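Colleague: File protein.pdb follows (PDB, C-alpha atoms and all ligand atoms):
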ATOM      1  CA  MET A  23      96.024 129.585  89.944
ATOM      2  CA  GLN A  24      99.177 127.671  90.912
ATOM      3  CA  THR A  25      99.905 124.497  88.990
ATOM      4  CA  ILE A  26      99.795 121.569  91.405
ATOM      5  CA  GLY A  27     101.705 118.329  90.936
ATOM      6  CA  PHE A  28     100.136 115.248  92.503
ATOM      7  CA  ILE A  29     102.093 112.022  93.031
ATOM      8  CA  GLY A  30     100.331 108.884  94.308
ATOM      9  CA  LEU A  31      96.836 108.291  92.968
ATOM     10  CA  GLY A  32      95.734 105.397  95.191
ATOM     11  CA  ILE A  33      92.626 105.038  97.337
ATOM     12  CA  MET A  34      93.205 108.506  98.831
ATOM     13  CA  GLY A  35      95.209 110.385  96.209
ATOM     14  CA  LYS A  36      92.765 109.725  93.384
ATOM     15  CA  PRO A  37      89.743 111.445  94.948
ATOM     16  CA  MET A  38      91.915 114.193  96.520
ATOM     17  CA  SER A  39      93.388 115.055  93.127
ATOM     18  CA  LYS A  40      89.926 114.990  91.547
ATOM     19  CA  ASN A  41      88.754 117.608  94.045
ATOM     20  CA  LEU A  42      91.689 119.861  93.115
ATOM     21  CA  ILE A  43      90.758 119.558  89.419
ATOM     22  CA  LYS A  44      87.136 120.361  90.296
ATOM     23  CA  ALA A  45      88.314 123.451  92.216
ATOM     24  CA  GLY A  46      89.997 124.673  89.021
ATOM     25  CA  TYR A  47      93.682 123.964  89.749
ATOM     26  CA  PRO A  48      95.793 122.885  86.780
ATOM     27  CA  LEU A  49      97.151 119.461  87.795
ATOM     28  CA  VAL A  50     100.171 117.388  86.746
ATOM     29  CA  VAL A  51      99.945 113.779  87.946
ATOM     30  CA  HIS A  52     102.187 110.759  88.366
ATOM     31  CA  ASP A  53     101.871 107.275  89.833
ATOM     32  CA  LYS A  54     103.918 104.092  89.385
ATOM     33  CA  ASN A  55     100.617 102.533  88.412
ATOM     34  CA  ARG A  56      99.622 104.100  85.082
ATOM     35  CA  GLU A  57      95.915 103.272  85.220
ATOM     36  CA  PRO A  58      94.864 106.030  87.664
ATOM     37  CA  VAL A  59      97.170 108.432  85.794
ATOM     38  CA  ARG A  60      95.219 107.827  82.578
ATOM     39  CA  GLU A  61      91.970 108.241  84.506
ATOM     40  CA  ALA A  62      93.124 111.598  85.922
ATOM     41  CA  ALA A  63      94.212 112.684  82.441
ATOM     42  CA  ALA A  64      90.712 111.933  81.165
ATOM     43  CA  ALA A  65      89.412 114.230  83.939
ATOM     44  CA  GLY A  66      91.663 117.084  82.764
ATOM     45  CA  ALA A  67      95.070 116.515  84.397
ATOM     46  CA  GLN A  68      98.395 116.502  82.592
ATOM     47  CA  GLU A  69     100.277 113.168  82.706
ATOM     48  CA  ALA A  70     103.891 112.982  83.898
ATOM     49  CA  SER A  71     106.157 109.962  83.879
ATOM     50  CA  SER A  72     108.326 110.742  86.924
ATOM     51  CA  SER A  73     108.310 112.731  90.151
ATOM     52  CA  ARG A  74     111.082 114.844  88.664
ATOM     53  CA  GLU A  75     108.853 115.821  85.722
ATOM     54  CA  VAL A  76     106.025 116.667  88.136
ATOM     55  CA  ALA A  77     108.346 119.003  90.073
ATOM     56  CA  GLU A  78     109.606 120.643  86.881
ATOM     57  CA  LYS A  79     106.057 121.468  85.786
ATOM     58  CA  SER A  80     104.517 122.568  89.107
ATOM     59  CA  GLN A  81     104.682 125.322  91.716
ATOM     60  CA  VAL A  82     103.303 123.082  94.441
ATOM     61  CA  VAL A  83     103.902 119.320  94.633
ATOM     62  CA  ILE A  84     101.729 117.027  96.760
ATOM     63  CA  THR A  85     102.523 113.375  97.512
ATOM     64  CA  MET A  86     100.104 110.735  98.831
ATOM     65  CA  LEU A  87     102.218 107.582  99.088
ATOM     66  CA  PRO A  88     102.203 104.542 101.394
ATOM     67  CA  ASN A  89     105.188 104.991 103.741
ATOM     68  CA  SER A  90     108.517 106.689 104.534
ATOM     69  CA  PRO A  91     110.649 104.745 101.979
ATOM     70  CA  ASP A  92     108.179 105.631  99.185
ATOM     71  CA  VAL A  93     108.267 109.312 100.112
ATOM     72  CA  ARG A  94     112.075 109.261 100.350
ATOM     73  CA  GLU A  95     112.242 107.642  96.894
ATOM     74  CA  ALA A  96     109.765 110.047  95.266
ATOM     75  CA  ALA A  97     111.312 113.118  96.912
ATOM     76  CA  LEU A  98     115.037 112.418  97.084
ATOM     77  CA  GLY A  99     115.605 109.363  94.851
ATOM     78  CA  LYS A 100     116.622 109.047  91.224
ATOM     79  CA  ASP A 101     114.215 111.020  89.011
ATOM     80  CA  GLY A 102     112.736 112.368  92.231
ATOM     81  CA  ILE A 103     111.279 115.769  93.129
ATOM     82  CA  VAL A 104     114.716 117.001  94.212
ATOM     83  CA  GLU A 105     116.002 116.648  90.644
ATOM     84  CA  GLY A 106     113.221 118.830  89.231
ATOM     85  CA  ALA A 107     113.040 121.264  92.156
ATOM     86  CA  ARG A 108     113.978 124.923  91.944
ATOM     87  CA  PRO A 109     114.062 127.610  94.659
ATOM     88  CA  GLY A 110     110.545 128.480  95.758
ATOM     89  CA  LEU A 111     109.011 125.084  95.039
ATOM     90  CA  ILE A 112     106.503 124.118  97.716
ATOM     91  CA  TYR A 113     106.265 120.462  98.677
ATOM     92  CA  ILE A 114     103.397 119.086 100.767
ATOM     93  CA  ASP A 115     103.641 115.439 101.780
ATOM     94  CA  MET A 116     100.184 114.226 102.812
ATOM     95  CA  SER A 117     101.185 110.567 103.330
ATOM     96  CA  SER A 118     101.355 109.109 106.848
ATOM     97  CA  ILE A 119     105.061 108.506 107.488
ATOM     98  CA  ALA A 120     107.574 108.588 110.356
ATOM     99  CA  PRO A 121     108.030 112.160 111.678
ATOM    100  CA  GLN A 122     111.794 111.767 111.431
ATOM    101  CA  ALA A 123     111.537 110.829 107.745
ATOM    102  CA  ALA A 124     109.527 114.017 107.092
ATOM    103  CA  GLN A 125     112.293 116.067 108.737
ATOM    104  CA  GLU A 126     115.001 114.330 106.683
ATOM    105  CA  VAL A 127     113.149 114.858 103.397
ATOM    106  CA  ALA A 128     112.585 118.536 104.274
ATOM    107  CA  SER A 129     116.334 118.997 104.867
ATOM    108  CA  GLY A 130     117.193 117.253 101.582
ATOM    109  CA  LEU A 131     114.841 119.501  99.610
ATOM    110  CA  ALA A 132     115.918 122.662 101.445
ATOM    111  CA  GLU A 133     119.324 122.269  99.763
ATOM    112  CA  LYS A 134     117.514 123.030  96.475
ATOM    113  CA  GLY A 135     115.597 125.946  98.029
ATOM    114  CA  ALA A 136     112.326 123.990  98.212
ATOM    115  CA  ARG A 137     110.096 124.383 101.286
ATOM    116  CA  MET A 138     108.115 121.516 102.799
ATOM    117  CA  LEU A 139     105.103 120.868 105.005
ATOM    118  CA  ASP A 140     104.049 117.461 106.333
ATOM    119  CA  ALA A 141     100.269 117.264 106.204
ATOM    120  CA  PRO A 142      98.889 113.770 106.859
ATOM    121  CA  VAL A 143      95.149 113.274 106.902
ATOM    122  CA  SER A 144      92.383 111.455 108.694
ATOM    123  CA  GLY A 145      88.903 110.719 107.413
ATOM    124  CA  GLY A 146      89.534 107.832 105.057
ATOM    125  CA  GLU A 147      88.314 107.367 101.521
ATOM    126  CA  PRO A 148      84.856 108.876 102.222
ATOM    127  CA  GLY A 149      86.541 112.031 103.578
ATOM    128  CA  ALA A 150      88.854 112.166 100.571
ATOM    129  CA  VAL A 151      85.910 111.876  98.159
ATOM    130  CA  ALA A 152      83.821 114.482 100.000
ATOM    131  CA  GLY A 153      86.759 116.870 100.549
ATOM    132  CA  THR A 154      86.157 116.738 104.298
ATOM    133  CA  LEU A 155      89.455 115.289 105.551
ATOM    134  CA  ALA A 156      91.038 116.367 108.831
ATOM    135  CA  ILE A 157      94.502 117.636 107.869
ATOM    136  CA  MET A 158      97.289 117.934 110.486
ATOM    137  CA  VAL A 159     100.057 120.183 109.305
ATOM    138  CA  GLY A 160     103.661 120.581 110.431
ATOM    139  CA  GLY A 161     105.996 123.279 109.150
ATOM    140  CA  ASP A 162     106.556 127.003 108.803
ATOM    141  CA  GLU A 163     103.510 129.100 109.711
ATOM    142  CA  LYS A 164     103.792 131.533 106.780
ATOM    143  CA  LEU A 165     104.119 128.663 104.331
ATOM    144  CA  PHE A 166     101.076 127.040 105.914
ATOM    145  CA  GLU A 167      99.026 130.225 105.407
ATOM    146  CA  GLU A 168     100.190 130.373 101.790
ATOM    147  CA  VAL A 169      98.869 126.899 100.948
ATOM    148  CA  ARG A 170      95.843 126.856 103.246
ATOM    149  CA  PRO A 171      93.395 127.457 100.328
ATOM    150  CA  ILE A 172      94.749 124.356  98.557
ATOM    151  CA  LEU A 173      94.441 122.228 101.698
ATOM    152  CA  GLN A 174      90.907 123.522 102.272
ATOM    153  CA  VAL A 175      89.839 122.024  98.944
ATOM    154  CA  MET A 176      90.678 118.574 100.358
ATOM    155  CA  GLY A 177      89.880 119.041 104.030
ATOM    156  CA  LYS A 178      87.230 120.492 106.309
ATOM    157  CA  SER A 179      89.495 120.808 109.324
ATOM    158  CA  VAL A 180      92.978 122.107 108.487
ATOM    159  CA  GLU A 181      95.137 122.613 111.585
ATOM    160  CA  ARG A 182      98.774 123.572 111.939
ATOM    161  CA  VAL A 183     100.120 121.626 114.905
ATOM    162  CA  GLY A 184     103.796 122.653 114.974
ATOM    163  CA  ASP A 185     107.045 122.475 113.030
ATOM    164  CA  ILE A 186     107.963 119.980 110.314
ATOM    165  CA  GLY A 187     107.281 116.416 111.545
ATOM    166  CA  ALA A 188     104.555 117.557 113.966
ATOM    167  CA  GLY A 189     101.867 116.680 111.408
ATOM    168  CA  ASN A 190     103.013 113.062 111.394
ATOM    169  CA  THR A 191     103.455 112.932 115.176
ATOM    170  CA  THR A 192      99.816 114.019 115.448
ATOM    171  CA  LYS A 193      98.811 111.407 112.871
ATOM    172  CA  LEU A 194     100.587 108.682 114.893
ATOM    173  CA  ALA A 195      98.604 109.788 117.955
ATOM    174  CA  ASN A 196      95.458 109.611 115.811
ATOM    175  CA  GLN A 197      96.301 106.088 114.620
ATOM    176  CA  ILE A 198      96.928 104.823 118.148
ATOM    177  CA  MET A 199      93.530 106.167 119.243
ATOM    178  CA  VAL A 200      91.762 104.616 116.240
ATOM    179  CA  ALA A 201      93.468 101.200 116.585
ATOM    180  CA  VAL A 202      92.753 100.880 120.305
ATOM    181  CA  ASN A 203      89.204 102.143 119.798
ATOM    182  CA  ILE A 204      88.435  99.546 117.091
ATOM    183  CA  ALA A 205      89.987  96.789 119.212
ATOM    184  CA  GLY A 206      87.831  97.821 122.193
ATOM    185  CA  LEU A 207      84.581  98.037 120.282
ATOM    186  CA  SER A 208      85.332  94.698 118.565
ATOM    187  CA  GLU A 209      85.944  92.879 121.839
ATOM    188  CA  ALA A 210      82.755  94.391 123.273
ATOM    189  CA  LEU A 211      80.568  93.463 120.299
ATOM    190  CA  VAL A 212      81.916  89.899 120.333
ATOM    191  CA  LEU A 213      80.998  89.582 124.010
ATOM    192  CA  GLY A 214      77.505  90.954 123.369
ATOM    193  CA  SER A 215      76.951  88.693 120.359
ATOM    194  CA  LYS A 216      78.021  85.499 122.111
ATOM    195  CA  ALA A 217      75.816  86.446 125.058
ATOM    196  CA  GLY A 218      72.904  86.442 122.603
ATOM    197  CA  VAL A 219      72.201  90.187 122.308
ATOM    198  CA  ASP A 220      71.721  91.621 118.810
ATOM    199  CA  PRO A 221      74.826  93.796 118.203
ATOM    200  CA  GLU A 222      72.677  96.335 116.391
ATOM    201  CA  ARG A 223      70.672  96.856 119.583
ATOM    202  CA  ILE A 224      73.918  97.260 121.534
ATOM    203  CA  PHE A 225      75.174  99.792 118.966
ATOM    204  CA  GLU A 226      71.945 101.823 119.082
ATOM    205  CA  ALA A 227      71.859 101.719 122.874
ATOM    206  CA  VAL A 228      75.416 102.858 123.539
ATOM    207  CA  ARG A 229      76.217 105.216 120.662
ATOM    208  CA  GLY A 230      74.644 108.246 122.390
ATOM    209  CA  GLY A 231      76.528 107.630 125.645
ATOM    210  CA  LEU A 232      80.151 107.902 126.695
ATOM    211  CA  ALA A 233      81.112 104.816 124.643
ATOM    212  CA  GLY A 234      79.868 106.484 121.461
ATOM    213  CA  SER A 235      82.577 107.575 119.024
ATOM    214  CA  ASN A 236      83.251 108.339 115.390
ATOM    215  CA  CYS A 237      85.041 104.971 115.269
ATOM    216  CA  LEU A 238      81.972 103.146 116.552
ATOM    217  CA  ASN A 239      79.670 105.006 114.136
ATOM    218  CA  ALA A 240      81.942 104.295 111.171
ATOM    219  CA  LYS A 241      82.976 100.702 111.893
ATOM    220  CA  ALA A 242      80.134  98.961 113.779
ATOM    221  CA  PRO A 243      77.654  99.122 110.855
ATOM    222  CA  LEU A 244      80.295  97.769 108.438
ATOM    223  CA  ILE A 245      81.242  94.980 110.848
ATOM    224  CA  MET A 246      77.600  93.949 111.268
ATOM    225  CA  GLU A 247      77.123  93.947 107.481
ATOM    226  CA  ARG A 248      80.385  91.941 107.147
ATOM    227  CA  LYS A 249      81.846  94.598 104.838
ATOM    228  CA  PHE A 250      85.628  94.503 105.104
ATOM    229  CA  ASP A 251      86.674  95.995 101.757
ATOM    230  CA  PRO A 252      89.145  98.852 102.316
ATOM    231  CA  GLY A 253      88.789 101.678 103.318
ATOM    232  CA  PHE A 254      91.925 101.700 105.370
ATOM    233  CA  ARG A 255      93.921  98.523 104.945
ATOM    234  CA  ILE A 256      95.214  96.526 107.942
ATOM    235  CA  ARG A 257      98.595  96.582 106.125
ATOM    236  CA  LEU A 258      98.696 100.390 106.311
ATOM    237  CA  HIS A 259      97.594 100.457 109.932
ATOM    238  CA  ILE A 260     100.400  98.013 110.774
ATOM    239  CA  LYS A 261     102.759 100.465 109.049
ATOM    240  CA  ASP A 262     101.469 103.358 111.180
ATOM    241  CA  LEU A 263     101.729 101.386 114.430
ATOM    242  CA  ALA A 264     105.276 100.337 113.472
ATOM    243  CA  ASN A 265     106.137 104.028 112.980
ATOM    244  CA  ALA A 266     104.518 104.852 116.340
ATOM    245  CA  LEU A 267     106.438 102.097 118.154
ATOM    246  CA  GLU A 268     109.726 103.155 116.533
ATOM    247  CA  THR A 269     109.099 106.801 117.425
ATOM    248  CA  GLY A 270     108.188 105.808 120.974
ATOM    249  CA  ARG A 271     111.421 103.838 121.321
ATOM    250  CA  ASN A 272     113.481 106.721 119.893
ATOM    251  CA  ILE A 273     112.104 109.305 122.283
ATOM    252  CA  GLY A 274     111.553 107.100 125.345
ATOM    253  CA  VAL A 275     107.791 106.488 125.414
ATOM    254  CA  PRO A 276     106.629 102.905 126.099
ATOM    255  CA  LEU A 277     103.416 102.197 124.150
ATOM    256  CA  PRO A 278     101.933  99.057 125.743
ATOM    257  CA  LEU A 279      98.458  99.324 124.193
ATOM    258  CA  THR A 280      99.881 100.025 120.756
ATOM    259  CA  SER A 281     102.124  96.956 120.928
ATOM    260  CA  LEU A 282      99.212  94.774 121.951
ATOM    261  CA  VAL A 283      96.977  95.884 119.077
ATOM    262  CA  MET A 284      99.977  95.594 116.753
ATOM    263  CA  GLU A 285     100.157  91.864 117.640
ATOM    264  CA  PHE A 286      96.419  91.443 116.911
ATOM    265  CA  MET A 287      97.027  93.004 113.515
ATOM    266  CA  GLN A 288     100.035  90.726 112.925
ATOM    267  CA  ALA A 289      97.759  87.736 113.596
ATOM    268  CA  LEU A 290      95.324  89.079 110.981
ATOM    269  CA  ARG A 291      98.175  89.432 108.525
ATOM    270  CA  VAL A 292      99.123  85.780 109.104
ATOM    271  CA  ALA A 293      95.479  84.807 108.546
ATOM    272  CA  GLY A 294      95.552  86.570 105.152
ATOM    273  CA  ASP A 295      93.483  89.608 106.175
ATOM    274  CA  GLU A 296      96.057  92.372 105.675
ATOM    275  CA  GLU A 297      94.411  93.853 102.570
ATOM    276  CA  LYS A 298      91.066  94.112 104.385
ATOM    277  CA  ASP A 299      89.737  97.232 106.118
ATOM    278  CA  HIS A 300      90.959  97.746 109.697
ATOM    279  CA  GLY A 301      87.373  97.062 110.824
ATOM    280  CA  ALA A 302      88.375  93.429 110.175
ATOM    281  CA  LEU A 303      90.206  93.654 113.513
ATOM    282  CA  VAL A 304      86.938  92.222 114.859
ATOM    283  CA  ARG A 305      87.860  88.903 113.191
ATOM    284  CA  PHE A 306      90.738  88.478 115.635
ATOM    285  CA  PHE A 307      88.292  88.542 118.565
ATOM    286  CA  GLU A 308      85.673  86.536 116.656
ATOM    287  CA  ARG A 309      88.179  83.723 116.089
ATOM    288  CA  LEU A 310      89.026  83.623 119.791
ATOM    289  CA  ALA A 311      85.360  83.340 120.733
ATOM    290  CA  ALA A 312      84.176  81.291 117.728
ATOM    291  CA  ILE A 313      81.340  83.698 116.917
ATOM    292  CA  GLU A 314      80.579  86.357 114.305
ATOM    293  CA  VAL A 315      79.191  89.833 115.005
ATOM    294  CA  LYS A 316      76.143  89.967 112.737
ATOM    295  CA  LYS A 317      72.695  91.493 112.844
ATOM    296  CA  SER A 318      70.154  88.961 114.044
ATOM    297  CA  ASN A 319      68.051  89.018 110.832
TER
HETATM  298  P1  LIG A 401      97.385 103.216  98.199
HETATM  299  O1  LIG A 401      98.318 102.060  98.354
HETATM  300  O2  LIG A 401      95.983 102.977  97.741
HETATM  301  O3  LIG A 401      98.025 104.314  97.197
HETATM  302  C1  LIG A 401      99.386 104.636  97.118
HETATM  303  C2  LIG A 401      99.724 104.951  95.665
HETATM  304  O4  LIG A 401     101.088 105.378  95.584
HETATM  305  C3  LIG A 401      99.606 103.740  94.733
HETATM  306  O5  LIG A 401      98.776 104.089  93.636
HETATM  307  C4  LIG A 401     101.050 103.450  94.306
HETATM  308  O6  LIG A 401     101.148 102.957  92.977
HETATM  309  C5  LIG A 401     101.683 104.823  94.418
HETATM  310  N1  LIG A 401     103.142 104.828  94.616
HETATM  311  C6  LIG A 401     103.856 104.186  95.578
HETATM  312  N2  LIG A 401     105.161 104.517  95.504
HETATM  313  C7  LIG A 401     105.272 105.424  94.486
HETATM  314  C8  LIG A 401     106.361 106.164  93.943
HETATM  315  N3  LIG A 401     107.609 106.056  94.433
HETATM  316  N4  LIG A 401     106.112 106.984  92.892
HETATM  317  C9  LIG A 401     104.861 107.097  92.382
HETATM  318  N5  LIG A 401     103.783 106.451  92.873
HETATM  319  C10 LIG A 401     103.993 105.609  93.897
HETATM  320  O7  LIG A 401      97.400 103.966  99.605
HETATM  321  P2  LIG A 401      96.280 104.973 100.213
HETATM  322  O8  LIG A 401      95.263 104.183 100.941
HETATM  323  O9  LIG A 401      95.867 105.958  99.177
HETATM  324  O10 LIG A 401      97.169 105.692 101.339
HETATM  325  C11 LIG A 401      98.152 106.688 101.039
HETATM  326  C12 LIG A 401      98.635 107.289 102.342
HETATM  327  O11 LIG A 401      97.535 107.893 103.022
HETATM  328  C13 LIG A 401      99.246 106.259 103.316
HETATM  329  O12 LIG A 401     100.329 106.824 103.998
HETATM  330  C14 LIG A 401      98.091 105.981 104.260
HETATM  331  O13 LIG A 401      98.549 105.545 105.538
HETATM  332  C15 LIG A 401      97.419 107.359 104.323
HETATM  333  N6  LIG A 401      96.001 107.332 104.688
HETATM  334  C16 LIG A 401      95.148 106.421 104.117
HETATM  335  C17 LIG A 401      93.812 106.410 104.501
HETATM  336  C18 LIG A 401      92.839 105.410 103.925
HETATM  337  O14 LIG A 401      91.726 105.294 104.460
HETATM  338  N7  LIG A 401      93.179 104.693 102.854
HETATM  339  C19 LIG A 401      93.340 107.333 105.454
HETATM  340  C20 LIG A 401      94.209 108.270 105.969
HETATM  341  C21 LIG A 401      95.548 108.260 105.575
END
Please express the file's structure as structure tokens.
Ligand code: NAD
Modeller:
Amino acid sequence: MQTIGFIGLGIMGKPMSKNLIKAGYPLVVHDKNREPVREAAAAGAQEASSSREVAEKSQVVITMLPNSPDVREAALGKDGIVEGARPGLIYIDMSSIAPQAAQEVASGLAEKGARMLDAPVSGGEPGAVAGTLAIMVGGDEKLFEEVRPILQVMGKSVERVGDIGAGNTTKLANQIMVAVNIAGLSEALVLGSKAGVDPERIFEAVRGGLAGSNCLNAKAPLIMERKFDPGFRIRLHIKDLANALETGRNIGVPLPLTSLVMEFMQALRVAGDEEKDHGALVRFFERLAAIEVKKSN
């Protein structure tokens, strides 16, 4: 089995790497934060102290990092993957970053003969733990087929959507849909609550109809239980919407709904909620209406 290097053992990377170990892949791991590295070592992975060392010791390198600058640093920076890369190295970035950044990193690594896919995911921490993520892949088709078995360990739906960068374009589309969906269901539940209807009854009544959605099923119960631990942090969703807005500006696509929800999220950041789950978007609407969405008992 190919040795896999895994860089970035945060909320998502930790369970994803654990699933690769469980599937029998030899793993070499690195994170700026040493605690999850030690934890992965206890589960059977080999520790590395830089991205360069990970690349030197692996045939396939995966990164799961916050944003474009982090991926640029890990891939092309000092002691980065590029310094340990040799021809034939496969690099899969599974972080959600700007599509243009993915293309730039791919070009930088191609100079060393390394091939790259961008493969961001959806499904959150529960999907990462269960190995049921939706993975959207951009890059060469043959390369995609080569690494499909690795991706299938982490994801249930693994789709190639186009060339390098297309994975992240698809992820931006995904993040717009999720943000607007959560904003809509939040506004609706606040209205229902202030009108005196139990939000749980509203949820049960509408979830089977056209308003039903994976977003509603995932977020409404957490909102009603007042559980806002991440999950997917507001801070990261702001990052994704910023990448969407920048991409829209670059290619000439106004994104009015995205900019609106972006401002709601900025207000949450100011209120100190940016490390909370994006379900906490409901708090923006709750503050406007001076009410909380809670079960009646
Ligand atoms: P996180 O902040 O929990 O984890 C990121 C990890 O990367 C941290 O452990 C950090 O120490 C490490 N790191 C950062 N820069 C590094 C570097 N240069 N070298 C080595 N390690 C470095 O973030 P997360 O929630 O796991 O998200 C990771 C990516 O996945 C993000 O792009 C996010 O948008 C995306 N994503 C997250 C979720 C979710 O629900 N959390 C869902 C889908 C996609």
Colleague: With all atoms listed in the file as the atoms that count, which of A:Ile43, A:Val180, A:Ala70, A:Val304 lies nearest to ligand LIG 401 (chain A)?
Modeller: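 Looking at the shortest contact to ligand LIG 401 (chain A), the residue is A:Ala70.
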Colleague: Could the residues that lie within 6 Å of ligand LIG 401 (chain A), counting all atoms listed in the file, be listed as a list in words?
Modeller: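 Selection of residues at most 6 Å from ligand LIG 401 (chain A): Ile29, Gly30, Leu31, Gly32, Ile33, Met34, Gly35, Asp53, Lys54, Asn55, Met86, Leu87, Pro88, Asn89, Asp92, Glu95, Ala96, Ser117, Ser118, Val143, Ser144, Gly145, Gly146, Glu147, Gly253, Phe254 and Leu258 of chain A.
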Colleague: Please tabulate, as JSON lines, the residues of region 241-286 of chain A that come within 10 Å of region 188-195 of chain A, each with its closest pair of atoms and the distance in Å to one decimal, counting all atoms listed in the file and ordering rows by chain, then residue number upward.
Modeller:
{"residue": "A:Asp262", "atom": "CA", "partner": "A:Leu194", "partner_atom": "CA", "distance": 6.6}
{"residue": "A:Leu263", "atom": "CA", "partner": "A:Leu194", "partner_atom": "CA", "distance": 7.4}
{"residue": "A:Ala264", "atom": "CA", "partner": "A:Leu194", "partner_atom": "CA", "distance": 9.7}
{"residue": "A:Asn265", "atom": "CA", "partner": "A:Leu194", "partner_atom": "CA", "distance": 7.5}
{"residue": "A:Ala266", "atom": "CA", "partner": "A:Leu194", "partner_atom": "CA", "distance": 5.7}
{"residue": "A:Leu267", "atom": "CA", "partner": "A:Leu194", "partner_atom": "CA", "distance": 9.4}
{"residue": "A:Thr269", "atom": "CA", "partner": "A:Thr191", "partner_atom": "CA", "distance": 8.6}
Colleague: For CA of Ile198 (chain A) and CA of Glu181 (chain A), quote the distance in Å rounded to one decimal.
Modeller: 19.0 Å
Colleague: Assuming the chain letters and numbering stay as they are in my file, what does the PyMOL selection byres (((chain A and resi 239) around 12) and not hetatm) actually select? List them as a list in words.
Modeller: Asn203, Ile204, Leu207, Glu222, Phe225, Glu226, Val228, Arg229, Gly230, Ala233, Gly234, Ser235, Asn236, Cys237, Leu238, Ala240, Lys241, Ala242, Pro243, Leu244, Ile245, Met246 and Gly301 of chain A
Colleague: Starting from the displayed file, determine the output of the PyMOL selection byres (((chain A and resi 164-177) around 6) and not hetatm) and express the residue list as an MDAnalysis selection string.
Modeller: chainID A and resid 38 153:156 162:163 178:179
Colleague: For the PyMOL selection byres (((chain A and resi 62) around 10) and not hetatm), applied here, can you spell out every residue it catches as a compact mmCIF listing (two decimals) with C-alpha atoms, keeping the file's coordinate frame?
Modeller:
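To be explicit, this is the file written out as part.txt:
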# COMPACT_ATOMS: atom_id res chain seq x y z
CA LEU A 31 96.84 108.29 92.97
CA LYS A 36 92.76 109.72 93.38
CA PRO A 37 89.74 111.44 94.95
CA SER A 39 93.39 115.06 93.13
CA LYS A 40 89.93 114.99 91.55
CA ILE A 43 90.76 119.56 89.42
CA LEU A 49 97.15 119.46 87.80
CA VAL A 50 100.17 117.39 86.75
CA VAL A 51 99.94 113.78 87.95
CA HIS A 52 102.19 110.76 88.37
CA ARG A 56 99.62 104.10 85.08
CA GLU A 57 95.92 103.27 85.22
CA PRO A 58 94.86 106.03 87.66
CA VAL A 59 97.17 108.43 85.79
CA ARG A 60 95.22 107.83 82.58
CA GLU A 61 91.97 108.24 84.51
CA ALA A 63 94.21 112.68 82.44
CA ALA A 64 90.71 111.93 81.17
CA ALA A 65 89.41 114.23 83.94
CA GLY A 66 91.66 117.08 82.76
CA ALA A 67 95.07 116.52 84.40
CA GLN A 68 98.40 116.50 82.59
CA GLU A 69 100.28 113.17 82.71
Colleague: Have a look at CA of Val292 (chain A) and CA of Arg309 (chain A) and let me know their distance in Å, one decimal.
Modeller: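 CA of Val292 (chain A) sits 13.1 Å away from CA of Arg309 (chain A).
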Colleague: For a cut-off of 12 Å around (89.5, 90.2, 116.0), file coordinates, pick out all residues using only C-alpha atoms and list them as a PyMOL selection string.
Modeller: chain A and resi 201-202+204-213+245+256+283-291+293+295+300-315
Colleague: Write out as a list in words which residues come within 6 Å of region 126-142 of chain A when counting all atoms listed in the file, dropping same-chain ones fewer than 2 positions away.
Modeller: Val104, Pro109, Gly110, Leu111, Ile112, Tyr113, Ile114, Asp115, Met116, Ser117, Ser118, Ala123, Ala124, Ile157, Met158, Val159, Gly160, Gly161 and Gly189 of chain A
Colleague: Counting all atoms listed in the file, what is within 9 Å of Gly27 (chain A), bar same-chain residues fewer than 4 positions away, as number ranges by chain?
Modeller: A: 48-52, 73, 76-77, 79-85
Colleague: Using the file's own x, y and z axes, so that the box edges lie along x, y and z, what centre and edge lengths in Å (one decimal) does a box around every listed atom of region 227-233 of chain A get when 8 Å is added on each side? Give it as JSON.
Modeller:
{"center_x": 76.5, "center_y": 105.0, "center_z": 123.7, "size_x": 25.3, "size_y": 22.5, "size_z": 22.0}
Colleague: How many Å lie between CA of Leu279 (chain A) and CA of Ala120 (chain A), rounded to one decimal?
Modeller: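 We find that CA of Leu279 (chain A) and CA of Ala120 (chain A) lie 19.0 Å from each other.
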Colleague: With distances taken over only C-alpha atoms, which residue among A:Val275, A:Ala152, A:Ile26, A:Val200 lies nearest Tyr47 (chain A)?
Modeller: A:Ile26
Colleague: Here is a test: counting all atoms listed in the file, which residue of A:Leu277, A:Ser318, A:Gly294, A:Leu232 is nearest to Gly218 (chain A)?
Modeller: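 Among the listed residues, the smallest separation from Gly218 (chain A) belongs to A:Ser318.
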